[in-house]
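**Student:** For reference, the structure I am asking about is given below.
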Amino acid sequence: MPRNSKDKYEQSSFNADVTRKTQAYQLSEEQANHKKTWTELEITRNIRNLSSNLFHMTHLTALILKNNSLLRIPPDIHRLVNLRNLDLSFNKLRSLPSELGDLIQLRELNLNHNHLRILPYELGKLFNLMILGLVGNPLTKDILTIYSEPNGTQKLLTFMLDNLQVNTPQPPARPWIPLARPSVTRASCIFTVMCYNVLCDKYATRQMYSYCPSWALNWDYRKKGIMEEIQHYGADIINLQEVEMEQFYNFFMPELKNQGYNGIYSPKSRAKHMAEAERKHVDGCAIFYRMSKFTLIKEHLVEFNQLAMANADGLEHMLNRVMPKDNIGLAALLQTTENAWDNSPQDAALMKQPVLVCTAHIHWDPEFCDVKLIQTMMLSNELKSILEESAQTLRTNNVNISDPSNIQLVLCGDFNSLPDSGVIEFLSTGRVSQDHKDFKTFSYKPCLEKILSCDKPNDFTHSFKLASAYNDEIMAFTNYTFEFKGIIDYIFYTKNTMTPLGLLGPISQEWLTQNKVIGCPHPHVYSDHFPLLVELEMVPTIPSPMNGIIRIVQVTNNQTNRKSRKGYIKAPYKK
C-alpha cells in the first residue's frame, strides 16, 4: 500500500454535526410509498453508546462514526457483513472486539486517534482490507514497527493472522456413499481411483489465498497433511495434478513407493525450455498404481501446445489462443494382476485385463472456455490413437486383443470446467455442437474436422461411452476458495464395463458454515481442491481362448446400504 494512503486520515475536517443517509428517500418515492435503499450511514454527534438497532442494518456498506466519544464497540458489529468502509477515528476506544475480524468485506478501516494499545489478532482475517488507519494510538512497538514498513498494512495483517490461534475443530470424516453391490456370480476386478489437485507450492501464496495463514500455506506443513490424506484413503490408482517435479521425485514417489505403489510423472510443457533450477518447480501430473493389482505396460504424454501447433494450419486463434497454453495429459496403460480379481476367472488370460488411466489438467482461465474445450477434444482424439497403438503393443505381448475397445478407460483430472460446460457435455454425451457457445466467436471447425469424427450433422463426436462418478447432487463443489466454489474435478469411467460401487461424499457443509471457513486452503484442509474417490467394479472384456468373447454386461447402480467392502474409509485422521 502506498504510504500516502495512510495520510488521508490525518485530515481533520469534522465540522458537520449531522446524521447523513446517502441515497435517501426521494419525495416522489415517499409519496408512492416505495423505499429506496441507502447503504451509507454517518453519525457524528459526540455519542458515547451505539443503539442495538444499528446492527440490524445489515445492508450498510459504509458506517462513519468518527469524532464521537465511543468507549467500546459492541460484539454485534459482526452482523454488518456487507461493510466495506468502517470509520471509528477520533473516538476514545481502548480495545476492539474480536468479532471485528468477521467483517471480511472491509476495504477500509480507520482507527486513527483512539487509545488503542493492542489490536485483536482476529483483524488478520480482514484479507480484503486495503487501508488501515492506526495513527495517533499508543500501540505497542512491535505493531508500530510492522505498520511503519513499506506495505505495512498487509504485513501487519499477515502477522496477526499467522499469530491467531486456530480453534476450529478438525472436519468430520467425509461419508462413504454406497451405490451398488459387487457381483458374486462372475469374475470382476474391484479397485479404487482417486483424483486430487494438491495445489503446488508455487501457487500457494498469500496473494492468492490471503485468508489462510502463511504457515498453513507452507509446503512443509501442507505436504504432510496431503500425504496422510492420500494414505488414509488408500486408493489403488492415484491421479494427482499440480505436482512439482522436485516434489514428485523427492517426496511423493519415495513415500508412496514405501506403500506399495509405483508411478509416472510429467511436468507441463514449458519445463523443457527451462534451466534445471527452474524446471524442478514446474508443476505437472502424476499417476500412481498399486503394484499388487496393476503392472505398467506403457506411459503416454499428451502435450496440448504441440497438438495445437500440429493441427493449426495457420489458423490465427489456434496459434494465439490454444498453442501458448502448456497444459498436459498423462496416460498409463496398465494391466491387472491375478490379485486384482474377485471370483477369479478360470482363464488366466482374463486376469491380464488392460486399462488405460489418463489424468489431465486443463487450462484454468474462464475467459478461455474455447481453449478448454479444444484441449479436451484433442485429448479424446489422442486417447483414441493411444488405444489403437496399445492394442498392437498388447498383441505383441501375447495378450489376445481383438479391438481397441477391449481396453477399458478411466479418465480423470482437473478440467477447470463446470458441469454445464461444453467440456463436460462433450465427455459425458460423446458430442458437442459445432456452434456451441463455448467456442465463442472463433471458428475452429477446419482444424477439428481433421481431428475428430463428425458422425452427426453439425456435431463433433467421440466414441467413448463415459459416465461421471460425481455430479452436483452428490457434491456441490470440488474446488473451494473465497472467490470460487464449484465442481471442476471429475472421474470418468467406461460405463458399459465398469460400475461404481461407492464413492467418497462431500466435506461437511455444517462444518464449513459453523466455523466460517470461507475458503481453502485452511489449517485443516491442505489444498483448495477436495480429493475425489470412487470404487469401481470392472468386468473383463478381452477375448478368451477358452470361452470366446466375454459378454459385456451392463450393470445398473442400485442403491443399497452396503458398507465399504474393502474398508477404504477409515476413521478421520487425528493429530
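Following the order of the C-alpha cells, chains are lettered A, B, ..., residues in each are numbered from 1, and ligands are numbered from 1.
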Within 12 Å of A:Gly101, counting only C-alpha atoms, which residues show up once you throw out same-chain ones fewer than 6 positions away? Write them as a PDB file with N, CA and C atoms, in the first residue's frame, please.
**Tutor:**
ATOM      1  N   PRO A  75     -19.807  -6.338  20.352  1.00  0.00           N
ATOM      2  CA  PRO A  75     -19.512  -7.512  19.509  1.00  0.00           C
ATOM      3  C   PRO A  75     -20.501  -7.699  18.369  1.00  0.00           C
ATOM      4  N   ASP A  76     -21.719  -7.136  18.513  1.00  0.00           N
ATOM      5  CA  ASP A  76     -22.722  -7.281  17.457  1.00  0.00           C
ATOM      6  C   ASP A  76     -22.314  -6.614  16.150  1.00  0.00           C
ATOM      7  N   ILE A  77     -21.183  -5.930  16.146  1.00  0.00           N
ATOM      8  CA  ILE A  77     -20.693  -5.326  14.908  1.00  0.00           C
ATOM      9  C   ILE A  77     -20.529  -6.374  13.806  1.00  0.00           C
ATOM     10  N   HIS A  78     -20.354  -7.638  14.209  1.00  0.00           N
ATOM     11  CA  HIS A  78     -20.118  -8.701  13.219  1.00  0.00           C
ATOM     12  C   HIS A  78     -21.314  -8.928  12.312  1.00  0.00           C
ATOM     13  N   ARG A  79     -22.479  -8.420  12.714  1.00  0.00           N
ATOM     14  CA  ARG A  79     -23.676  -8.603  11.885  1.00  0.00           C
ATOM     15  C   ARG A  79     -23.633  -7.767  10.610  1.00  0.00           C
ATOM     16  N   LEU A  80     -22.852  -6.712  10.600  1.00  0.00           N
ATOM     17  CA  LEU A  80     -22.822  -5.815   9.442  1.00  0.00           C
ATOM     18  C   LEU A  80     -21.884  -6.383   8.382  1.00  0.00           C
ATOM     19  N   VAL A  81     -22.286  -7.503   7.842  1.00  0.00           N
ATOM     20  CA  VAL A  81     -21.399  -8.313   6.989  1.00  0.00           C
ATOM     21  C   VAL A  81     -21.088  -7.667   5.650  1.00  0.00           C
ATOM     22  N   LEU A  83     -20.237  -4.417   5.211  1.00  0.00           N
ATOM     23  CA  LEU A  83     -19.442  -3.200   5.346  1.00  0.00           C
ATOM     24  C   LEU A  83     -18.184  -3.266   4.500  1.00  0.00           C
ATOM     25  N   LEU A 109     -10.546   0.503   7.029  1.00  0.00           N
ATOM     26  CA  LEU A 109     -10.826   0.532   8.467  1.00  0.00           C
ATOM     27  C   LEU A 109      -9.993   1.644   9.082  1.00  0.00           C
ATOM     28  N   LEU A 119      -4.179  -4.676  19.439  1.00  0.00           N
ATOM     29  CA  LEU A 119      -5.200  -4.998  18.446  1.00  0.00           C
ATOM     30  C   LEU A 119      -5.513  -6.487  18.549  1.00  0.00           C
ATOM     31  N   PRO A 120      -6.766  -6.876  18.366  1.00  0.00           N
ATOM     32  CA  PRO A 120      -7.079  -8.314  18.380  1.00  0.00           C
ATOM     33  C   PRO A 120      -6.470  -8.987  17.160  1.00  0.00           C
ATOM     34  N   TYR A 121      -5.898 -10.175  17.358  1.00  0.00           N
ATOM     35  CA  TYR A 121      -5.305 -10.901  16.238  1.00  0.00           C
ATOM     36  C   TYR A 121      -6.334 -11.213  15.162  1.00  0.00           C
ATOM     37  N   GLU A 122      -7.610 -11.210  15.524  1.00  0.00           N
ATOM     38  CA  GLU A 122      -8.667 -11.501  14.546  1.00  0.00           C
ATOM     39  C   GLU A 122      -8.703 -10.501  13.399  1.00  0.00           C
ATOM     40  N   LEU A 123      -8.082  -9.321  13.591  1.00  0.00           N
ATOM     41  CA  LEU A 123      -8.028  -8.370  12.475  1.00  0.00           C
ATOM     42  C   LEU A 123      -7.276  -8.959  11.288  1.00  0.00           C
ATOM     43  N   GLY A 124      -6.451  -9.948  11.535  1.00  0.00           N
ATOM     44  CA  GLY A 124      -5.741 -10.602  10.446  1.00  0.00           C
ATOM     45  C   GLY A 124      -6.660 -11.316   9.471  1.00  0.00           C
ATOM     46  N   LYS A 125      -7.902 -11.564   9.870  1.00  0.00           N
ATOM     47  CA  LYS A 125      -8.869 -12.218   8.989  1.00  0.00           C
ATOM     48  C   LYS A 125      -9.429 -11.274   7.932  1.00  0.00           C
ATOM     49  N   LEU A 126      -9.126  -9.966   8.068  1.00  0.00           N
ATOM     50  CA  LEU A 126      -9.664  -8.979   7.129  1.00  0.00           C
ATOM     51  C   LEU A 126      -8.791  -8.937   5.875  1.00  0.00           C
ATOM     52  N   PHE A 127      -8.825 -10.013   5.100  1.00  0.00           N
ATOM     53  CA  PHE A 127      -7.898 -10.174   3.987  1.00  0.00           C
ATOM     54  C   PHE A 127      -8.197  -9.260   2.810  1.00  0.00           C
ATOM     55  N   ASN A 128      -9.377  -8.632   2.790  1.00  0.00           N
ATOM     56  CA  ASN A 128      -9.702  -7.687   1.721  1.00  0.00           C
ATOM     57  C   ASN A 128      -9.325  -6.256   2.067  1.00  0.00           C
ATOM     58  N   LEU A 129      -8.814  -6.050   3.264  1.00  0.00           N
ATOM     59  CA  LEU A 129      -8.519  -4.699   3.739  1.00  0.00           C
ATOM     60  C   LEU A 129      -7.366  -4.093   2.948  1.00  0.00           C
ATOM     61  N   LEU A 157      -1.383  -7.379   8.747  1.00  0.00           N
ATOM     62  CA  LEU A 157      -2.471  -8.348   8.664  1.00  0.00           C
ATOM     63  C   LEU A 157      -1.934  -9.772   8.615  1.00  0.00           C
ATOM     64  N   MET A 160      -0.741 -10.778  12.073  1.00  0.00           N
ATOM     65  CA  MET A 160      -1.832 -11.045  13.016  1.00  0.00           C
ATOM     66  C   MET A 160      -2.537 -12.352  12.687  1.00  0.00           C
ATOM     67  N   LEU A 161      -2.721 -12.644  11.413  1.00  0.00           N
ATOM     68  CA  LEU A 161      -3.358 -13.903  11.044  1.00  0.00           C
ATOM     69  C   LEU A 161      -2.461 -15.090  11.400  1.00  0.00           C
ATOM     70  N   LEU A 164      -2.819 -15.776  15.060  1.00  0.00           N
ATOM     71  CA  LEU A 164      -4.162 -16.055  15.563  1.00  0.00           C
ATOM     72  C   LEU A 164      -4.289 -17.540  15.883  1.00  0.00           C
ATOM     73  N   TYR A 211      -6.633 -15.337   2.943  1.00  0.00           N
ATOM     74  CA  TYR A 211      -7.434 -15.700   4.112  1.00  0.00           C
ATOM     75  C   TYR A 211      -6.811 -16.866   4.878  1.00  0.00           C
ATOM     76  N   LYS A 516     -17.085 -20.847   9.863  1.00  0.00           N
ATOM     77  CA  LYS A 516     -16.839 -19.708   8.980  1.00  0.00           C
ATOM     78  C   LYS A 516     -15.609 -19.925   8.100  1.00  0.00           C
TER      79      LYS A 516
END
**Student:** Contacts between stretch 477-498 of chain A and stretch 228-263 of chain A, please, where a residue of stretch 228-263 of chain A counts if it comes within 12 Å (with only C-alpha atoms); show its shortest atom pair and distance in Å to one decimal, rows by chain and ascending number, as JSON lines.
**Tutor:**
{"residue": "A:Ile237", "atom": "CA", "partner": "A:Ile491", "partner_atom": "CA", "distance": 11.7}
{"residue": "A:Ile238", "atom": "CA", "partner": "A:Ile491", "partner_atom": "CA", "distance": 11.3}
{"residue": "A:Asn239", "atom": "CA", "partner": "A:Ile491", "partner_atom": "CA", "distance": 9.8}
{"residue": "A:Leu240", "atom": "CA", "partner": "A:Asp489", "partner_atom": "CA", "distance": 11.1}
{"residue": "A:Gln241", "atom": "CA", "partner": "A:Asp489", "partner_atom": "CA", "distance": 10.3}
**Student:** Mind writing the picked residues with C-alpha atoms as a PDB file, in the first residue's frame?
**Tutor:**
ATOM      1  CA  ILE A 237      -4.910 -45.761  -8.589  1.00  0.00           C
ATOM      2  CA  ILE A 238      -3.988 -42.214  -7.552  1.00  0.00           C
ATOM      3  CA  ASN A 239      -4.173 -39.349 -10.052  1.00  0.00           C
ATOM      4  CA  LEU A 240      -2.589 -36.083  -8.929  1.00  0.00           C
ATOM      5  CA  GLN A 241      -2.399 -32.656 -10.515  1.00  0.00           C
TER       6      GLN A 241
END
**Student:** Find the residues around A:His436 up to 12 Å (only C-alpha atoms counted), leave out those fewer than 6 positions away in its own chain, and share them as a ChimeraX atom specification.
**Tutor:** /A:369-370,373-374,420-423,425-426,442-445,458-460
**Student:** Using only C-alpha atoms, which protein or nucleic acid residues come within 9 Å of A:Phe252? Drop anything in the same chain fewer than 5 positions from it, and give the result as a CSV table (one decimal) with C-alpha atoms, in the first residue's frame.
**Tutor:**
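Everything below was put into result35.csv:
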chain,number,residue,atom,x,y,z
A,227,MET,CA,0.2,-37.5,2.1
A,243,VAL,CA,2.7,-31.8,-8.5
A,247,GLN,CA,8.2,-32.9,-5.1
A,257,LYS,CA,6.9,-46.4,-3.1
**Student:** I'd like to know which of A:Asn167, A:Asn515, A:Ser508, A:Asn112 is closest to A:Leu65, using only C-alpha atoms.
**Tutor:**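 For A:Leu65, the nearest of the candidates is A:Asn112.
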**Student:** I want to know what sits within 10 Å of A:Ser95, based on only C-alpha atoms, with residues of the same chain fewer than 3 positions away left out; could you give that as an mmCIF file with C-alpha atoms, in the first residue's frame?
**Tutor:**
data_model
loop_
_atom_site.group_PDB
_atom_site.id
_atom_site.type_symbol
_atom_site.label_atom_id
_atom_site.label_comp_id
_atom_site.auth_asym_id
_atom_site.auth_seq_id
_atom_site.Cartn_x
_atom_site.Cartn_y
_atom_site.Cartn_z
ATOM 1 C CA LEU A 71 -15.543 3.861 24.605
ATOM 2 C CA ARG A 72 -16.347 0.487 23.116
ATOM 3 C CA ILE A 73 -17.725 -1.214 20.003
ATOM 4 C CA LYS A 92 -11.935 7.021 22.903
ATOM 5 C CA SER A 98 -12.541 -9.806 18.192
ATOM 6 C CA ASN A 114 -8.088 6.464 19.703
ATOM 7 C CA HIS A 115 -6.496 4.984 22.844
ATOM 8 C CA LEU A 116 -5.640 1.559 21.438
ATOM 9 C CA ARG A 117 -2.601 -0.182 22.887
ATOM 10 C CA ILE A 118 -3.218 -3.595 21.366
ATOM 11 C CA LEU A 119 -5.200 -4.998 18.446
ATOM 12 C CA PRO A 120 -7.079 -8.314 18.380
#
**Student:** So what do you get for atom CA of A:Pro213 versus atom CA of A:Val166, distance-wise?
**Tutor:**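 These two atoms are separated by 9.9 Å.
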**Student:** Hey, what does DSSP flag as helix (DSSP H, G or I) within stretch 377-444 of chain A? Can you give it to me as an MDAnalysis selection string?
**Tutor:** chainID A and resid 377:396 404:406 422:429 437:439
**Student:** Filtering to C-alpha atoms, could you give me those residues as a PDB file, in the first residue's frame?
**Tutor:**
ATOM      1  CA  MET A 377     -11.338 -32.596 -27.781  1.00  0.00           C
ATOM      2  CA  MET A 378      -7.679 -33.003 -28.717  1.00  0.00           C
ATOM      3  CA  LEU A 379      -7.252 -35.223 -25.660  1.00  0.00           C
ATOM      4  CA  SER A 380     -10.100 -37.506 -26.737  1.00  0.00           C
ATOM      5  CA  ASN A 381      -8.533 -37.912 -30.157  1.00  0.00           C
ATOM      6  CA  GLU A 382      -5.149 -38.709 -28.613  1.00  0.00           C
ATOM      7  CA  LEU A 383      -6.741 -41.305 -26.344  1.00  0.00           C
ATOM      8  CA  LYS A 384      -8.256 -42.944 -29.389  1.00  0.00           C
ATOM      9  CA  SER A 385      -4.810 -43.127 -31.011  1.00  0.00           C
ATOM     10  CA  ILE A 386      -3.240 -44.390 -27.788  1.00  0.00           C
ATOM     11  CA  LEU A 387      -5.818 -47.169 -27.531  1.00  0.00           C
ATOM     12  CA  GLU A 388      -5.183 -48.239 -31.117  1.00  0.00           C
ATOM     13  CA  GLU A 389      -1.433 -48.265 -30.510  1.00  0.00           C
ATOM     14  CA  SER A 390      -1.906 -50.055 -27.183  1.00  0.00           C
ATOM     15  CA  ALA A 391      -3.918 -52.839 -28.824  1.00  0.00           C
ATOM     16  CA  GLN A 392      -0.978 -53.513 -31.127  1.00  0.00           C
ATOM     17  CA  THR A 393       1.503 -53.381 -28.228  1.00  0.00           C
ATOM     18  CA  LEU A 394      -0.544 -55.860 -26.210  1.00  0.00           C
ATOM     19  CA  ARG A 395      -0.846 -58.251 -29.128  1.00  0.00           C
ATOM     20  CA  THR A 396       2.945 -58.340 -29.378  1.00  0.00           C
ATOM     21  CA  PRO A 404      -9.041 -51.266 -29.053  1.00  0.00           C
ATOM     22  CA  SER A 405     -12.436 -51.224 -27.300  1.00  0.00           C
ATOM     23  CA  ASN A 406     -11.249 -54.237 -25.293  1.00  0.00           C
ATOM     24  CA  GLY A 422     -19.033 -27.710 -23.335  1.00  0.00           C
ATOM     25  CA  VAL A 423     -16.136 -29.748 -21.948  1.00  0.00           C
ATOM     26  CA  ILE A 424     -18.329 -31.881 -19.702  1.00  0.00           C
ATOM     27  CA  GLU A 425     -21.113 -32.082 -22.284  1.00  0.00           C
ATOM     28  CA  PHE A 426     -18.616 -33.440 -24.803  1.00  0.00           C
ATOM     29  CA  LEU A 427     -17.147 -36.028 -22.429  1.00  0.00           C
ATOM     30  CA  SER A 428     -20.487 -37.140 -20.973  1.00  0.00           C
ATOM     31  CA  THR A 429     -22.651 -37.278 -24.097  1.00  0.00           C
ATOM     32  CA  LYS A 437     -21.323 -21.155 -27.191  1.00  0.00           C
ATOM     33  CA  ASP A 438     -18.018 -22.165 -25.589  1.00  0.00           C
ATOM     34  CA  PHE A 439     -16.303 -21.805 -28.948  1.00  0.00           C
TER      35      PHE A 439
END
**Student:** Could you give me, as an MDAnalysis selection string, the residues within 10 Å of A:Leu296, counting only C-alpha atoms and dropping anything in the same chain fewer than 3 positions from it?
**Tutor:** chainID A and resid 262:264 289 291 299 332:336 354:356
**Student:** Residues of the last selection are to be written out with N, CA and C atoms, as an mmCIF file, in the first residue's frame.
**Tutor:**
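File result19.cif, as written:
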data_model
loop_
_atom_site.group_PDB
_atom_site.id
_atom_site.type_symbol
_atom_site.label_atom_id
_atom_site.label_comp_id
_atom_site.auth_asym_id
_atom_site.auth_seq_id
_atom_site.Cartn_x
_atom_site.Cartn_y
_atom_site.Cartn_z
ATOM 1 N N ASN A 262 3.853 -47.728 -7.520
ATOM 2 C CA ASN A 262 4.807 -47.192 -8.473
ATOM 3 C C ASN A 262 4.097 -46.059 -9.199
ATOM 4 N N GLY A 263 4.864 -45.215 -9.904
ATOM 5 C CA GLY A 263 4.207 -44.074 -10.511
ATOM 6 C C GLY A 263 4.931 -43.521 -11.708
ATOM 7 N N ILE A 264 4.213 -42.683 -12.455
ATOM 8 C CA ILE A 264 4.780 -41.964 -13.596
ATOM 9 C C ILE A 264 4.443 -40.493 -13.442
ATOM 10 N N TYR A 289 0.005 -46.301 -9.103
ATOM 11 C CA TYR A 289 -0.827 -47.504 -9.140
ATOM 12 C C TYR A 289 -0.269 -48.519 -8.147
ATOM 13 N N MET A 291 1.056 -51.783 -7.027
ATOM 14 C CA MET A 291 1.761 -52.803 -7.806
ATOM 15 C C MET A 291 1.203 -54.200 -7.591
ATOM 16 N N GLU A 299 3.613 -45.733 -20.813
ATOM 17 C CA GLU A 299 3.083 -44.413 -20.449
ATOM 18 C C GLU A 299 3.059 -43.503 -21.661
ATOM 19 N N ALA A 332 -1.460 -43.823 -18.509
ATOM 20 C CA ALA A 332 -0.726 -45.048 -18.175
ATOM 21 C C ALA A 332 -1.528 -46.244 -18.647
ATOM 22 N N LEU A 333 -0.939 -47.039 -19.521
ATOM 23 C CA LEU A 333 -1.565 -48.292 -19.920
ATOM 24 C C LEU A 333 -1.196 -49.337 -18.861
ATOM 25 N N LEU A 334 -2.201 -49.761 -18.107
ATOM 26 C CA LEU A 334 -1.996 -50.719 -17.023
ATOM 27 C C LEU A 334 -2.595 -52.067 -17.399
ATOM 28 N N GLN A 335 -2.129 -53.078 -16.700
ATOM 29 C CA GLN A 335 -2.675 -54.421 -16.876
ATOM 30 C C GLN A 335 -2.902 -55.015 -15.485
ATOM 31 N N THR A 336 -4.040 -55.641 -15.307
ATOM 32 C CA THR A 336 -4.352 -56.189 -13.996
ATOM 33 C C THR A 336 -3.508 -57.426 -13.700
ATOM 34 N N PRO A 354 -6.367 -55.116 -19.751
ATOM 35 C CA PRO A 354 -5.731 -53.798 -19.889
ATOM 36 C C PRO A 354 -6.693 -52.662 -19.539
ATOM 37 N N VAL A 355 -6.158 -51.642 -18.892
ATOM 38 C CA VAL A 355 -6.918 -50.444 -18.525
ATOM 39 C C VAL A 355 -6.052 -49.230 -18.835
ATOM 40 N N LEU A 356 -6.591 -48.289 -19.563
ATOM 41 C CA LEU A 356 -5.886 -47.042 -19.818
ATOM 42 C C LEU A 356 -6.374 -46.002 -18.820
#
**Student:** Just give me the gap between atom CA of A:Val410 and atom CA of A:Ala331 in Å, one decimal is fine.
**Tutor:**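 These atoms are spaced 9.6 Å apart.
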**Student:** Please determine, counting only C-alpha atoms, which residue among A:Tyr526, A:Phe464, A:Tyr233, A:Trp219 has the shortest atom-to-atom distance to A:Phe251.
**Tutor:**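 Answer, going by the shortest atom-to-atom distance: A:Trp219.
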**Student:** Contacts of stretch 302-305 of chain A at 12 Å or less, counting only C-alpha atoms, minus same-chain residues fewer than 2 places along, as a ChimeraX atom specification?
**Tutor:** /A:265-272,284-285,299-300,307-312,318-332,358-363,371-383,385-386
**Student:** Can you write out the residues you just picked, keeping N, CA and C atoms, as a compact mmCIF listing (two decimals), in the first residue's frame?
**Tutor:**
# COMPACT_ATOMS: atom_id res chain seq x y z
N TYR A 265 5.20 -39.64 -14.14
CA TYR A 265 5.04 -38.20 -13.95
C TYR A 265 5.51 -37.46 -15.19
N SER A 266 4.89 -36.30 -15.42
CA SER A 266 5.41 -35.36 -16.40
C SER A 266 5.06 -33.95 -15.97
N PRO A 267 6.02 -33.01 -16.09
CA PRO A 267 5.71 -31.60 -15.84
C PRO A 267 5.03 -30.99 -17.06
N LYS A 268 4.51 -29.80 -16.90
CA LYS A 268 3.95 -29.08 -18.04
C LYS A 268 5.03 -28.81 -19.09
N SER A 269 4.59 -28.53 -20.29
CA SER A 269 5.50 -28.49 -21.43
C SER A 269 6.60 -27.44 -21.30
N ARG A 270 6.35 -26.35 -20.60
CA ARG A 270 7.36 -25.29 -20.52
C ARG A 270 8.64 -25.75 -19.83
N ALA A 271 8.56 -26.83 -19.06
CA ALA A 271 9.75 -27.32 -18.34
C ALA A 271 10.88 -27.67 -19.30
N LYS A 272 10.55 -28.06 -20.54
CA LYS A 272 11.57 -28.48 -21.49
C LYS A 272 12.52 -27.34 -21.88
N GLY A 284 3.05 -30.48 -12.69
CA GLY A 284 2.57 -31.39 -13.72
C GLY A 284 1.62 -32.42 -13.15
N CYS A 285 1.46 -33.52 -13.86
CA CYS A 285 0.51 -34.58 -13.48
C CYS A 285 1.27 -35.85 -13.11
N GLU A 299 3.61 -45.73 -20.81
CA GLU A 299 3.08 -44.41 -20.45
C GLU A 299 3.06 -43.50 -21.66
N HIS A 300 2.15 -42.54 -21.64
CA HIS A 300 1.97 -41.63 -22.77
C HIS A 300 1.79 -40.21 -22.26
N LEU A 307 0.04 -30.39 -29.99
CA LEU A 307 -1.09 -30.79 -30.83
C LEU A 307 -1.71 -29.59 -31.53
N ALA A 308 -1.80 -28.47 -30.79
CA ALA A 308 -2.37 -27.26 -31.40
C ALA A 308 -1.51 -26.78 -32.56
N MET A 309 -0.20 -26.82 -32.38
CA MET A 309 0.70 -26.37 -33.44
C MET A 309 0.62 -27.31 -34.64
N ALA A 310 0.51 -28.60 -34.37
CA ALA A 310 0.48 -29.58 -35.47
C ALA A 310 -0.80 -29.49 -36.28
N ASN A 311 -1.87 -29.03 -35.66
CA ASN A 311 -3.17 -29.03 -36.35
C ASN A 311 -3.69 -27.63 -36.66
N ALA A 312 -2.88 -26.60 -36.45
CA ALA A 312 -3.35 -25.22 -36.61
C ALA A 312 -3.62 -24.86 -38.06
N MET A 318 -6.04 -20.55 -33.24
CA MET A 318 -5.44 -21.81 -32.79
C MET A 318 -3.99 -21.55 -32.35
N LEU A 319 -3.31 -20.68 -33.07
CA LEU A 319 -1.92 -20.36 -32.75
C LEU A 319 -1.81 -19.40 -31.58
N ASN A 320 -2.73 -18.43 -31.50
CA ASN A 320 -2.62 -17.37 -30.49
C ASN A 320 -3.34 -17.67 -29.19
N ARG A 321 -4.33 -18.55 -29.23
CA ARG A 321 -5.09 -18.83 -28.01
C ARG A 321 -4.80 -20.23 -27.45
N VAL A 322 -4.79 -21.22 -28.31
CA VAL A 322 -4.65 -22.61 -27.84
C VAL A 322 -3.19 -22.98 -27.65
N MET A 323 -2.36 -22.70 -28.64
CA MET A 323 -0.97 -23.16 -28.61
C MET A 323 -0.16 -22.62 -27.42
N PRO A 324 -0.33 -21.36 -26.98
CA PRO A 324 0.51 -20.86 -25.87
C PRO A 324 0.25 -21.54 -24.52
N LYS A 325 -0.85 -22.25 -24.37
CA LYS A 325 -1.17 -22.89 -23.10
C LYS A 325 -0.46 -24.24 -23.02
N ASP A 326 0.33 -24.42 -21.96
CA ASP A 326 1.20 -25.60 -21.91
C ASP A 326 0.66 -26.71 -21.02
N ASN A 327 -0.66 -26.82 -20.95
CA ASN A 327 -1.27 -27.90 -20.15
C ASN A 327 -0.99 -29.26 -20.78
N ILE A 328 -1.12 -30.29 -19.97
CA ILE A 328 -0.81 -31.64 -20.44
C ILE A 328 -1.85 -32.65 -19.96
N GLY A 329 -1.81 -33.81 -20.60
CA GLY A 329 -2.48 -35.00 -20.11
C GLY A 329 -1.44 -36.10 -19.98
N LEU A 330 -1.65 -37.01 -19.06
CA LEU A 330 -0.71 -38.11 -18.84
C LEU A 330 -1.51 -39.40 -18.75
N ALA A 331 -1.09 -40.41 -19.50
CA ALA A 331 -1.83 -41.67 -19.53
C ALA A 331 -0.91 -42.84 -19.21
N ALA A 332 -1.46 -43.82 -18.51
CA ALA A 332 -0.73 -45.05 -18.18
C ALA A 332 -1.53 -46.24 -18.65
N CYS A 358 -5.99 -42.17 -17.54
CA CYS A 358 -5.50 -40.87 -18.00
C CYS A 358 -5.90 -39.79 -17.01
N THR A 359 -4.97 -38.90 -16.72
CA THR A 359 -5.30 -37.72 -15.92
C THR A 359 -4.86 -36.49 -16.71
N ALA A 360 -5.58 -35.40 -16.52
CA ALA A 360 -5.30 -34.17 -17.27
C ALA A 360 -5.54 -32.97 -16.39
N HIS A 361 -4.85 -31.90 -16.73
CA HIS A 361 -5.07 -30.61 -16.07
C HIS A 361 -5.31 -29.60 -17.18
N ILE A 362 -6.58 -29.23 -17.35
CA ILE A 362 -6.99 -28.35 -18.44
C ILE A 362 -6.81 -26.89 -18.02
N HIS A 363 -6.66 -26.01 -19.00
CA HIS A 363 -6.40 -24.59 -18.74
C HIS A 363 -7.45 -23.99 -17.80
N VAL A 371 -10.58 -22.62 -25.34
CA VAL A 371 -9.33 -23.36 -25.21
C VAL A 371 -9.55 -24.64 -24.40
N LYS A 372 -10.32 -24.54 -23.32
CA LYS A 372 -10.62 -25.72 -22.50
C LYS A 372 -11.27 -26.80 -23.36
N LEU A 373 -12.24 -26.39 -24.16
CA LEU A 373 -12.97 -27.34 -24.99
C LEU A 373 -12.07 -27.94 -26.07
N ILE A 374 -11.25 -27.11 -26.70
CA ILE A 374 -10.34 -27.61 -27.73
C ILE A 374 -9.34 -28.59 -27.12
N GLN A 375 -8.79 -28.25 -25.96
CA GLN A 375 -7.84 -29.16 -25.30
C GLN A 375 -8.49 -30.51 -25.00
N THR A 376 -9.72 -30.49 -24.53
CA THR A 376 -10.41 -31.73 -24.20
C THR A 376 -10.70 -32.55 -25.45
N MET A 377 -11.06 -31.89 -26.54
CA MET A 377 -11.34 -32.60 -27.78
C MET A 377 -10.06 -33.19 -28.36
N MET A 378 -8.96 -32.45 -28.26
CA MET A 378 -7.68 -33.00 -28.72
C MET A 378 -7.28 -34.19 -27.85
N LEU A 379 -7.57 -34.12 -26.56
CA LEU A 379 -7.25 -35.22 -25.66
C LEU A 379 -8.02 -36.48 -26.05
N SER A 380 -9.29 -36.33 -26.37
CA SER A 380 -10.10 -37.51 -26.74
C SER A 380 -9.55 -38.16 -28.00
N ASN A 381 -9.10 -37.34 -28.93
CA ASN A 381 -8.53 -37.91 -30.16
C ASN A 381 -7.21 -38.62 -29.87
N GLU A 382 -6.40 -38.06 -28.99
CA GLU A 382 -5.15 -38.71 -28.61
C GLU A 382 -5.40 -40.03 -27.89
N LEU A 383 -6.42 -40.06 -27.05
CA LEU A 383 -6.74 -41.31 -26.34
C LEU A 383 -7.15 -42.39 -27.33
N SER A 385 -6.06 -42.66 -30.38
CA SER A 385 -4.81 -43.13 -31.01
C SER A 385 -4.01 -44.00 -30.06
N ILE A 386 -3.99 -43.61 -28.79
CA ILE A 386 -3.24 -44.39 -27.79
C ILE A 386 -3.84 -45.78 -27.64
